[in-house]
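Q: Enclosed is the structure file protein-v4.csv (CSV, C-alpha atoms).
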chain,number,residue,atom,x,y,z
E,1280,MET,CA,27.2,6.9,0.6
E,1281,ASN,CA,26.3,8.5,-2.8
E,1282,ASN,CA,24.1,11.5,-2.1
E,1283,ASN,CA,22.6,11.1,-5.6
E,1284,ILE,CA,20.9,7.9,-4.6
E,1285,THR,CA,17.2,8.3,-5.6
E,1286,GLU,CA,16.0,5.0,-4.2
E,1287,ALA,CA,15.3,4.7,-0.5
E,1288,ILE,CA,14.9,0.9,-0.7
E,1289,SER,CA,16.2,-1.4,-3.5
E,1290,VAL,CA,15.4,-5.1,-3.3
E,1291,LYS,CA,17.1,-7.4,-5.8
E,1292,GLU,CA,15.9,-11.0,-6.3
E,1293,ILE,CA,15.6,-11.9,-2.6
E,1294,THR,CA,14.5,-15.4,-1.5
E,1295,LYS,CA,13.8,-16.6,2.0
E,1296,THR,CA,13.0,-20.3,2.8
E,1297,PHE,CA,11.9,-21.9,6.1
E,1298,ASP,CA,12.4,-25.6,5.9
E,1299,LEU,CA,10.5,-26.6,2.7
E,1300,ASN,CA,8.4,-23.4,2.7
E,1301,VAL,CA,9.5,-20.7,0.3
E,1302,ALA,CA,8.2,-17.7,2.1
E,1303,VAL,CA,9.6,-15.1,-0.4
E,1304,ASN,CA,10.5,-16.1,-3.9
E,1305,ASN,CA,13.0,-14.1,-6.0
E,1306,VAL,CA,11.3,-10.7,-5.2
E,1307,SER,CA,12.6,-7.5,-6.6
E,1308,PHE,CA,11.3,-3.9,-6.2
E,1309,SER,CA,12.4,-0.4,-5.4
E,1310,VAL,CA,10.9,2.4,-3.3
E,1311,PRO,CA,11.9,5.9,-4.5
E,1312,LYS,CA,12.7,8.5,-1.9
E,1313,GLY,CA,9.7,10.5,-0.6
E,1314,GLU,CA,7.0,8.0,-1.6
E,1315,VAL,CA,4.3,6.4,0.6
E,1316,VAL,CA,4.1,2.8,-0.6
E,1317,GLY,CA,1.5,0.2,0.5
E,1318,PHE,CA,2.6,-3.4,0.8
E,1319,LEU,CA,-0.4,-5.7,0.4
E,1320,GLY,CA,-1.0,-9.4,0.5
E,1321,PRO,CA,-3.1,-12.1,2.2
E,1322,ASN,CA,-2.0,-13.8,5.4
E,1323,GLY,CA,0.9,-16.1,4.6
E,1324,SER,CA,1.8,-14.1,1.4
E,1325,GLY,CA,5.3,-13.2,2.6
E,1326,LYS,CA,4.7,-9.6,3.7
E,1327,THR,CA,6.0,-9.8,7.2
E,1328,THR,CA,9.0,-11.9,6.1
E,1329,THR,CA,9.9,-9.4,3.5
E,1330,MET,CA,9.7,-6.5,6.0
E,1331,ARG,CA,11.8,-8.4,8.5
E,1332,MET,CA,14.5,-8.8,5.8
E,1333,LEU,CA,14.3,-5.1,5.0
E,1334,THR,CA,14.9,-4.3,8.6
E,1335,SER,CA,17.7,-6.9,9.0
E,1336,PHE,CA,15.8,-9.1,11.4
E,1337,TYR,CA,16.0,-11.8,8.8
E,1338,THR,CA,18.8,-12.4,6.3
E,1339,PRO,CA,17.8,-13.4,2.7
E,1340,ASP,CA,19.0,-16.8,1.5
E,1341,LYS,CA,19.6,-15.2,-1.8
E,1342,GLY,CA,19.6,-11.7,-3.2
E,1343,GLU,CA,20.5,-8.2,-1.9
E,1344,ILE,CA,18.8,-5.3,-0.1
E,1345,PHE,CA,20.1,-1.8,-0.3
E,1346,ILE,CA,18.9,0.9,2.1
E,1347,GLU,CA,19.7,4.3,0.5
E,1348,GLY,CA,22.5,2.6,-1.4
E,1349,ILE,CA,23.8,0.7,1.7
E,1350,ASN,CA,23.9,-3.1,1.6
E,1351,ASN,CA,22.0,-4.1,4.7
E,1352,LEU,CA,24.0,-7.4,4.9
E,1353,THR,CA,27.6,-6.1,4.7
E,1354,HIS,CA,26.8,-2.8,6.5
E,1355,ASP,CA,24.0,-3.8,8.8
E,1356,VAL,CA,24.3,-1.2,11.6
E,1357,GLU,CA,24.5,1.7,9.1
E,1358,ALA,CA,21.5,0.4,7.1
E,1359,ARG,CA,19.4,0.0,10.3
E,1360,SER,CA,20.2,3.6,11.3
E,1361,LYS,CA,18.3,4.8,8.3
E,1362,ILE,CA,15.1,3.0,9.3
E,1363,GLY,CA,12.4,3.5,11.8
E,1364,TYR,CA,10.4,0.3,12.3
E,1365,LEU,CA,6.9,-0.1,13.9
E,1366,PRO,CA,6.2,-3.9,14.0
E,1367,GLU,CA,2.7,-5.3,14.0
E,1368,ASN,CA,2.6,-6.1,17.7
E,1369,ASN,CA,4.2,-2.8,18.8
E,1370,PRO,CA,6.3,-3.9,21.8
E,1371,LEU,CA,6.1,-1.4,24.6
E,1372,TYR,CA,6.9,-1.4,28.3
E,1373,GLY,CA,3.5,-0.8,29.7
E,1374,ASP,CA,4.5,0.0,33.3
E,1375,MET,CA,6.7,2.9,32.1
E,1376,ILE,CA,5.6,6.5,31.7
E,1377,VAL,CA,5.7,7.7,28.0
E,1378,LYS,CA,8.4,10.2,28.8
E,1379,GLU,CA,10.6,7.5,30.5
E,1380,TYR,CA,10.0,5.1,27.7
E,1381,LEU,CA,11.2,7.5,25.0
E,1382,GLU,CA,14.2,8.4,27.2
E,1383,LEU,CA,15.1,4.7,27.3
E,1384,ILE,CA,14.8,4.4,23.5
E,1385,GLY,CA,17.2,7.4,23.3
E,1386,LYS,CA,19.8,5.6,25.4
E,1387,ILE,CA,19.3,2.4,23.4
E,1388,ARG,CA,19.9,4.4,20.2
E,1389,ASN,CA,23.1,5.9,21.8
E,1390,LEU,CA,21.8,9.4,21.6
E,1391,ASP,CA,23.5,11.9,24.0
E,1392,THR,CA,21.3,13.6,26.7
E,1393,PHE,CA,20.9,16.8,24.7
E,1394,LYS,CA,20.0,15.0,21.5
E,1395,THR,CA,17.6,12.7,23.3
E,1396,SER,CA,15.8,15.7,24.9
E,1397,SER,CA,15.6,17.6,21.6
E,1398,ASN,CA,14.4,14.7,19.6
E,1399,ILE,CA,11.8,13.7,22.1
E,1400,SER,CA,10.4,17.2,22.0
E,1401,ASN,CA,10.2,16.9,18.2
E,1402,VAL,CA,8.6,13.5,18.0
E,1403,VAL,CA,6.1,14.2,20.8
E,1404,GLU,CA,5.0,17.3,18.8
E,1405,GLU,CA,4.9,15.4,15.5
E,1406,THR,CA,2.9,12.4,16.8
E,1407,GLY,CA,0.6,14.4,19.1
E,1408,LEU,CA,1.6,12.8,22.4
E,1409,GLN,CA,1.5,15.9,24.5
E,1410,ARG,CA,-1.7,14.8,26.2
E,1411,VAL,CA,-0.3,11.5,27.5
E,1412,TYR,CA,3.4,12.4,27.8
E,1413,TYR,CA,3.3,11.9,31.6
E,1414,ASN,CA,0.9,9.0,31.6
E,1415,GLN,CA,1.7,5.3,32.1
E,1416,ILE,CA,1.7,3.5,28.8
E,1417,ASN,CA,-0.8,0.9,30.0
E,1418,GLN,CA,-3.2,3.8,30.7
E,1419,CYS,CA,-3.1,5.0,27.1
E,1420,SER,CA,-5.7,4.0,24.5
E,1421,LYS,CA,-4.7,1.7,21.6
E,1422,GLY,CA,-4.5,4.7,19.4
E,1423,TYR,CA,-2.1,6.5,21.7
E,1424,LYS,CA,0.0,3.4,22.1
E,1425,GLN,CA,0.5,3.3,18.4
E,1426,ARG,CA,1.6,7.0,18.5
E,1427,VAL,CA,4.1,6.0,21.3
E,1428,GLY,CA,5.5,3.3,19.0
E,1429,LEU,CA,5.7,5.7,16.1
E,1430,ALA,CA,7.5,8.3,18.3
E,1431,ALA,CA,10.0,5.6,19.4
E,1432,ALA,CA,10.6,4.6,15.7
E,1433,LEU,CA,11.2,8.2,14.8
E,1434,LEU,CA,13.4,9.2,17.7
E,1435,HIS,CA,16.8,8.6,15.9
E,1436,GLU,CA,15.6,10.7,12.9
E,1437,PRO,CA,15.4,8.0,10.3
E,1438,SER,CA,14.8,8.9,6.7
E,1439,ILE,CA,12.7,5.7,6.1
E,1440,LEU,CA,9.7,4.6,8.1
E,1441,ILE,CA,8.5,1.0,7.9
E,1442,MET,CA,5.2,0.0,9.5
E,1443,ASP,CA,3.6,-3.4,9.8
E,1444,GLU,CA,-0.2,-3.2,10.2
E,1445,PRO,CA,-0.1,0.3,11.9
E,1446,THR,CA,-3.9,0.5,12.5
E,1447,GLU,CA,-4.4,-3.2,13.5
E,1448,GLY,CA,-6.8,-3.4,16.4
E,1449,LEU,CA,-7.9,0.2,16.2
E,1450,ASP,CA,-11.6,1.1,16.1
E,1451,PRO,CA,-12.9,3.2,13.1
E,1452,ASN,CA,-12.6,6.5,15.0
E,1453,GLN,CA,-9.0,5.8,15.9
E,1454,ARG,CA,-8.0,4.7,12.4
E,1455,VAL,CA,-8.7,8.1,10.8
E,1456,PRO,CA,-6.3,10.2,12.9
E,1457,ILE,CA,-3.6,7.5,12.6
E,1458,ARG,CA,-4.0,7.6,8.8
E,1459,GLU,CA,-3.7,11.3,8.8
E,1460,LEU,CA,-0.6,11.1,11.0
E,1461,ILE,CA,1.0,8.6,8.7
E,1462,ARG,CA,0.4,10.9,5.7
E,1463,SER,CA,1.9,13.9,7.6
E,1464,LEU,CA,4.9,11.8,8.6
E,1465,SER,CA,5.6,11.2,5.0
E,1466,ALA,CA,6.3,14.8,4.2
E,1467,ASP,CA,10.0,14.4,5.1
E,1468,ARG,CA,10.4,10.6,4.9
E,1469,THR,CA,9.9,7.6,2.7
E,1470,VAL,CA,7.2,5.4,4.1
E,1471,LEU,CA,6.5,1.7,3.5
E,1472,LEU,CA,3.5,0.3,5.3
E,1473,SER,CA,2.0,-3.2,5.3
E,1474,THR,CA,-1.8,-3.4,5.8
E,1475,HIS,CA,-4.8,-5.4,4.8
E,1476,VAL,CA,-7.2,-2.4,5.1
E,1477,LEU,CA,-7.6,-1.4,1.5
E,1478,GLN,CA,-9.3,1.9,2.3
E,1479,GLU,CA,-6.0,2.9,4.1
E,1480,VAL,CA,-4.1,2.3,0.9
E,1481,GLU,CA,-6.4,4.3,-1.2
E,1482,GLU,CA,-6.3,7.3,1.2
E,1483,THR,CA,-2.7,7.1,2.1
E,1484,CYS,CA,-0.4,5.6,-0.5
E,1485,ASP,CA,1.2,6.9,-3.7
E,1486,ARG,CA,1.9,3.4,-4.9
E,1487,ILE,CA,1.3,-0.2,-4.0
E,1488,LEU,CA,3.1,-3.5,-4.0
E,1489,ILE,CA,1.1,-6.8,-3.9
E,1490,ILE,CA,2.7,-10.1,-2.9
E,1491,SER,CA,1.0,-13.5,-3.1
E,1492,LYS,CA,2.4,-16.9,-2.2
E,1493,GLY,CA,5.9,-15.3,-1.9
E,1494,ASN,CA,5.8,-13.7,-5.4
E,1495,LEU,CA,5.4,-10.1,-6.2
E,1496,VAL,CA,2.4,-9.9,-8.4
E,1497,ALA,CA,1.8,-6.1,-8.8
E,1498,ASN,CA,3.8,-2.9,-8.5
E,1499,GLY,CA,2.4,0.5,-9.5
E,1500,THR,CA,0.0,3.3,-8.7
E,1501,ILE,CA,-3.6,2.3,-8.0
E,1502,SER,CA,-4.7,3.8,-11.3
E,1503,GLU,CA,-2.0,2.0,-13.2
E,1504,LEU,CA,-3.0,-1.3,-11.7
E,1505,GLN,CA,-6.7,-0.7,-12.2
E,1506,ASN,CA,-6.0,-0.2,-15.9
E,1507,SER,CA,-3.7,-3.2,-16.4
E,1508,SER,CA,-4.1,-5.9,-13.7
E,1509,LEU,CA,-7.3,-7.5,-14.9
E,1510,GLU,CA,-7.6,-9.3,-18.2
E,1511,GLN,CA,-10.9,-7.7,-19.0
E,1512,LYS,CA,-11.9,-4.0,-19.0
E,1513,GLU,CA,-15.4,-2.6,-18.9
E,1514,VAL,CA,-17.3,0.4,-20.2
E,1515,GLU,CA,-20.8,1.5,-19.8
E,1516,VAL,CA,-22.7,3.1,-22.7
E,1517,GLU,CA,-26.2,4.5,-23.0
E,1518,ILE,CA,-27.5,4.9,-26.6
E,1519,SER,CA,-30.7,5.4,-28.6
E,1520,GLY,CA,-30.9,4.0,-32.1
E,1521,ASN,CA,-31.5,0.8,-34.1
E,1522,GLN,CA,-29.9,-2.7,-33.9
E,1523,ILE,CA,-27.5,-1.5,-31.2
E,1524,GLU,CA,-26.6,-4.8,-29.5
E,1525,LYS,CA,-26.0,-6.4,-32.9
E,1526,GLU,CA,-23.6,-3.8,-34.0
E,1527,LEU,CA,-21.8,-3.6,-30.7
E,1528,SER,CA,-21.1,-7.3,-30.9
E,1529,LYS,CA,-19.1,-6.8,-34.1
E,1530,ILE,CA,-16.4,-4.8,-32.3
E,1531,ASN,CA,-13.1,-6.6,-32.1
E,1532,ASN,CA,-12.0,-7.8,-28.6
E,1533,VAL,CA,-15.5,-7.5,-27.1
E,1534,THR,CA,-16.1,-10.6,-24.9
E,1535,GLU,CA,-19.5,-9.8,-23.4
E,1536,ILE,CA,-22.3,-7.4,-23.7
E,1537,ILE,CA,-24.7,-7.0,-20.7
E,1538,LYS,CA,-27.9,-5.0,-21.1
E,1539,ILE,CA,-28.3,-3.0,-17.9
E,1540,SER,CA,-31.5,-1.1,-18.7
E,1541,ASN,CA,-33.9,-0.6,-21.5
E,1542,SER,CA,-36.5,2.2,-22.0
E,1543,GLU,CA,-38.6,3.1,-25.0
E,1544,GLU,CA,-35.9,5.6,-26.2
E,1545,GLN,CA,-32.6,4.4,-24.7
E,1546,GLU,CA,-30.6,1.3,-24.1
E,1547,LYS,CA,-27.8,1.0,-21.6
E,1548,PHE,CA,-25.1,-1.7,-21.8
E,1549,ARG,CA,-22.0,-2.8,-19.9
E,1550,ILE,CA,-19.4,-4.0,-22.4
E,1551,ARG,CA,-16.5,-6.2,-21.4
E,1552,TYR,CA,-13.4,-6.3,-23.7
E,1553,GLN,CA,-9.8,-7.4,-23.8
E,1554,GLY,CA,-6.7,-5.7,-25.0
E,1555,GLU,CA,-4.7,-2.6,-24.1
E,1556,ASP,CA,-6.5,-0.2,-26.4
E,1557,ASP,CA,-9.3,1.9,-25.0
E,1558,ILE,CA,-12.6,0.9,-26.7
E,1559,ARG,CA,-14.3,4.3,-26.1
E,1560,PRO,CA,-13.1,6.1,-29.3
E,1561,ILE,CA,-14.3,3.1,-31.3
E,1562,LEU,CA,-17.7,3.3,-29.7
E,1563,PHE,CA,-17.9,7.0,-30.3
E,1564,GLU,CA,-17.1,6.5,-34.0
E,1565,LEU,CA,-19.7,3.7,-34.2
E,1566,CYS,CA,-22.4,6.0,-32.8
E,1567,LYS,CA,-21.6,8.6,-35.5
E,1568,ASN,CA,-21.6,6.1,-38.3
E,1569,GLN,CA,-24.8,4.4,-37.2
E,1570,ASN,CA,-26.5,7.8,-36.6
E,1571,TRP,CA,-27.2,6.8,-32.9
E,1572,THR,CA,-27.6,9.3,-30.1
E,1573,LEU,CA,-24.9,8.8,-27.4
E,1574,TRP,CA,-26.2,9.7,-24.0
E,1575,GLU,CA,-23.5,8.3,-21.8
E,1576,LEU,CA,-20.1,6.6,-22.2
E,1577,HIS,CA,-17.6,6.0,-19.4
E,1578,GLN,CA,-14.9,3.5,-18.3
E,1579,VAL,CA,-15.9,1.3,-15.3
E,1580,VAL,CA,-13.1,1.7,-12.8
E,1581,THR,CA,-11.9,-1.5,-11.2
E,1582,ARG,CA,-12.3,-1.4,-7.4
E,1583,LEU,CA,-9.0,-2.0,-5.5
E,1584,GLN,CA,-10.8,-4.8,-3.6
E,1585,ASP,CA,-11.7,-6.6,-6.9
E,1586,MET,CA,-8.1,-6.1,-8.2
E,1587,PHE,CA,-6.6,-7.5,-5.0
E,1588,TYR,CA,-8.9,-10.5,-5.0
E,1589,SER,CA,-8.1,-11.2,-8.7
E,1590,LEU,CA,-4.4,-11.2,-8.0
E,1591,THR,CA,-4.4,-13.1,-4.8
E,1592,SER,CA,-7.4,-15.4,-4.9
E,1593,GLU,CA,-5.3,-18.6,-5.0
E,1594,GLN,CA,-3.4,-17.7,-1.9
E,1595,THR,CA,-3.5,-20.7,0.5
E,1596,ASN,CA,-0.5,-20.4,2.8
E,1597,ILE,CA,-0.7,-19.5,6.5
E,1598,GLU,CA,2.0,-17.1,7.8
Please, can you express the file's structure as structure tokens?

A:
Amino acid sequence: MNNNITEAISVKEITKTFDLNVAVNNVSFSVPKGEVVGFLGPNGSGKTTTMRMLTSFYTPDKGEIFIEGINNLTHDVEARSKIGYLPENNPLYGDMIVKEYLELIGKIRNLDTFKTSSNISNVVEETGLQRVYYNQINQCSKGYKQRVGLAAALLHEPSILIMDEPTEGLDPNQRVPIRELIRSLSADRTVLLSTHVLQEVEETCDRILIISKGNLVANGTISELQNSSLEQKEVEVEISGNQIEKELSKINNVTEIIKISNSEEQEKFRIRYQGEDDIRPILFELCKNQNWTLWELHQVVTRLQDMFYSLTSEQTNIE
């Protein structure tokens, strides 16, 4: 493998069809080494199918997937060795003690006795399992069961961690430490996580991918997508002066002006506009030219929830 590879995951025009249903349609993206990337989409969007192709559980009908430069079709075992995978339903042997289960995973991964013992010590420390290490898995809370699954996924020292809904079924108090754990695990690894909890994405991820009806509809940082994904942008402005609304309506690309408040001295508006250019410098110049007093001017940041809904609102499939 070329050590100069900078992409942990490279997906090139992959398609997967089940009968007449196109689950994933000509999807391409890359995940640079060291990033935490959120993979979002409604139920039936193709998220899980894509992740199963990344981890070699499914084979694409068309296209290629490279794991740190390794083709996961022609060099399946080598590609899998680079990945730690935590599936959505986190399969565990509930009757086993945590220690025994991790030892079993070491044998499955063909680690020798010394390597298994050393790696178990490392992942137990990293995932915070000391408290339940000698407990039966069925006696562990849902949060600790997720930690056991993460420890198992990390036992063979993968450079890439892929997680499907890692906080599914956790209560709010359990979600926070798992989010913090995921962020800490990313210090030395590339992380791709699928989730429908948007707060997790905002607090955990460097970048997001959004898939809808099998098609990749967004790829970028949250701020990039907030600035570009919606057709209309908004600013709020508070001004005192004469004939304000009339003059504002003359600005090119303004599609709607909404009066938010009106006092004897000041008027506040929300202005919606189209186009790539920021309207705020134009508003500032207009205030100067009209001899208005500008009290407030700021861009209205699009919420991730609104952006997600805008990009996926026509999703109708069931996965």

Q: Between E:Asn1350, E:Ser1473, E:Asn1322, E:Ser1540, which has the minimum distance to Ile1288 in chain E (counting all atoms listed in the file)?

A: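 Nearest to Ile1288 in chain E: E:Asn1350.
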
Q: Excluding Asn1532 in chain E and residues on its chain fewer than 3 positions from it, collect all residues at most 8 Å away from it, counting all atoms listed in the file, and give them as a list in words.

A: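 The residues that qualify are Tyr1552, Gln1553 and Gly1554 of chain E.
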
Q: Which distance in Å separates CA of Arg1359 in chain E and CA of Arg1331 in chain E, to one decimal?

A: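 Those two atoms sit 11.5 Å apart.
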
Q: Closest to Ser1592 in chain E among E:Ile1518, E:Cys1566, E:Ile1490, E:Ile1441, using all atoms listed in the file?

A: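 When distances to Ser1592 in chain E are compared using all atoms listed in the file, the smallest one comes from E:Ile1490.
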
Q: Write out as a count of residues only which residues come within 12 Å of Ala1430 in chain E when counting only C-alpha atoms, dropping same-chain ones fewer than 2 positions away.

A: 41

Q: With only C-alpha atoms as the atoms that count, which of E:Ile1550, E:Ala1497, E:Leu1573, E:Ile1457 lies nearest to Ser1589 in chain E?

A: E:Ala1497

Q: Calculate how many Å separate CA of Asn1498 in chain E from CA of Arg1454 in chain E, rounding to one decimal.

A: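 So the answer is 25.2 Å.
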
Q: If I put a ball of radius 12 Å at (-33.8, -2.7, -21.8) in the file's coordinates, which residues poke into it when counting all atoms listed in the file, written as a list in words?

A: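 These residues have at least one counted atom within 12 Å: Glu1517, Ile1518, Ser1519, Ile1523, Glu1524, Ile1537, Lys1538, Ile1539, Ser1540, Asn1541, Ser1542, Glu1543, Glu1544, Gln1545, Glu1546, Lys1547, Phe1548 and Arg1549 of chain E.
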
Q: Using only C-alpha atoms, which of the listed residues (E:Tyr1372, E:Phe1297, E:Tyr1588, E:Phe1318) sits closest to Thr1338 in chain E?

A: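 Residue with the minimum atom-to-atom distance to Thr1338 in chain E: E:Phe1297.
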
Q: Fewer than 3 positions away in the same chain doesn't count, so skip those; otherwise give me all residues within 9 Å of Asp1340 in chain E, counting all atoms listed in the file, as a ChimeraX atom specification.

A: /E:1293-1296

Q: Would you mind telling me which residue in E:Cys1419, E:Phe1587, E:Ser1465, E:Glu1515 lies nearest to Trp1574 in chain E when using all atoms listed in the file?

A: E:Glu1515

Q: Hey, can you check how far CA of Ile1501 in chain E sits from CA of Val1480 in chain E?

A: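 So the answer is 8.9 Å.
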
Q: Which residue gives the smallest distance to His1475 in chain E among E:Pro1445, E:Gly1348, E:Pro1456, E:Pro1560, with all atoms listed in the file counted?

A: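 Of all the options, E:Pro1445 lies closest to His1475 in chain E.
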
Q: Taking (19.3, -1.5, -5.8) in the file's own coordinates, collect the residues within 12 Å, counting all atoms listed in the file, and hand them back as a VMD selection string.

A: chain E and resid 1284 to 1293 1307 to 1311 1342 to 1351

Q: Can you list, as a PyMOL selection string, every protein, DNA or RNA residue that comes within 6 Å of Arg1486 in chain E when you count all atoms listed in the file, leaving out same-chain residues fewer than 4 positions away?

A: chain E and resi 1316+1499-1500

Q: Store the residues picked out above in a file with C-alpha atoms, as a PDB file, in the coordinates of the input.

A:
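Saved as result11.pdb:
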ATOM      1  CA  VAL E1316       4.100   2.800  -0.600  1.00  0.00           C
ATOM      2  CA  GLY E1499       2.400   0.500  -9.500  1.00  0.00           C
ATOM      3  CA  THR E1500       0.000   3.300  -8.700  1.00  0.00           C
TER       4      THR E1500
END
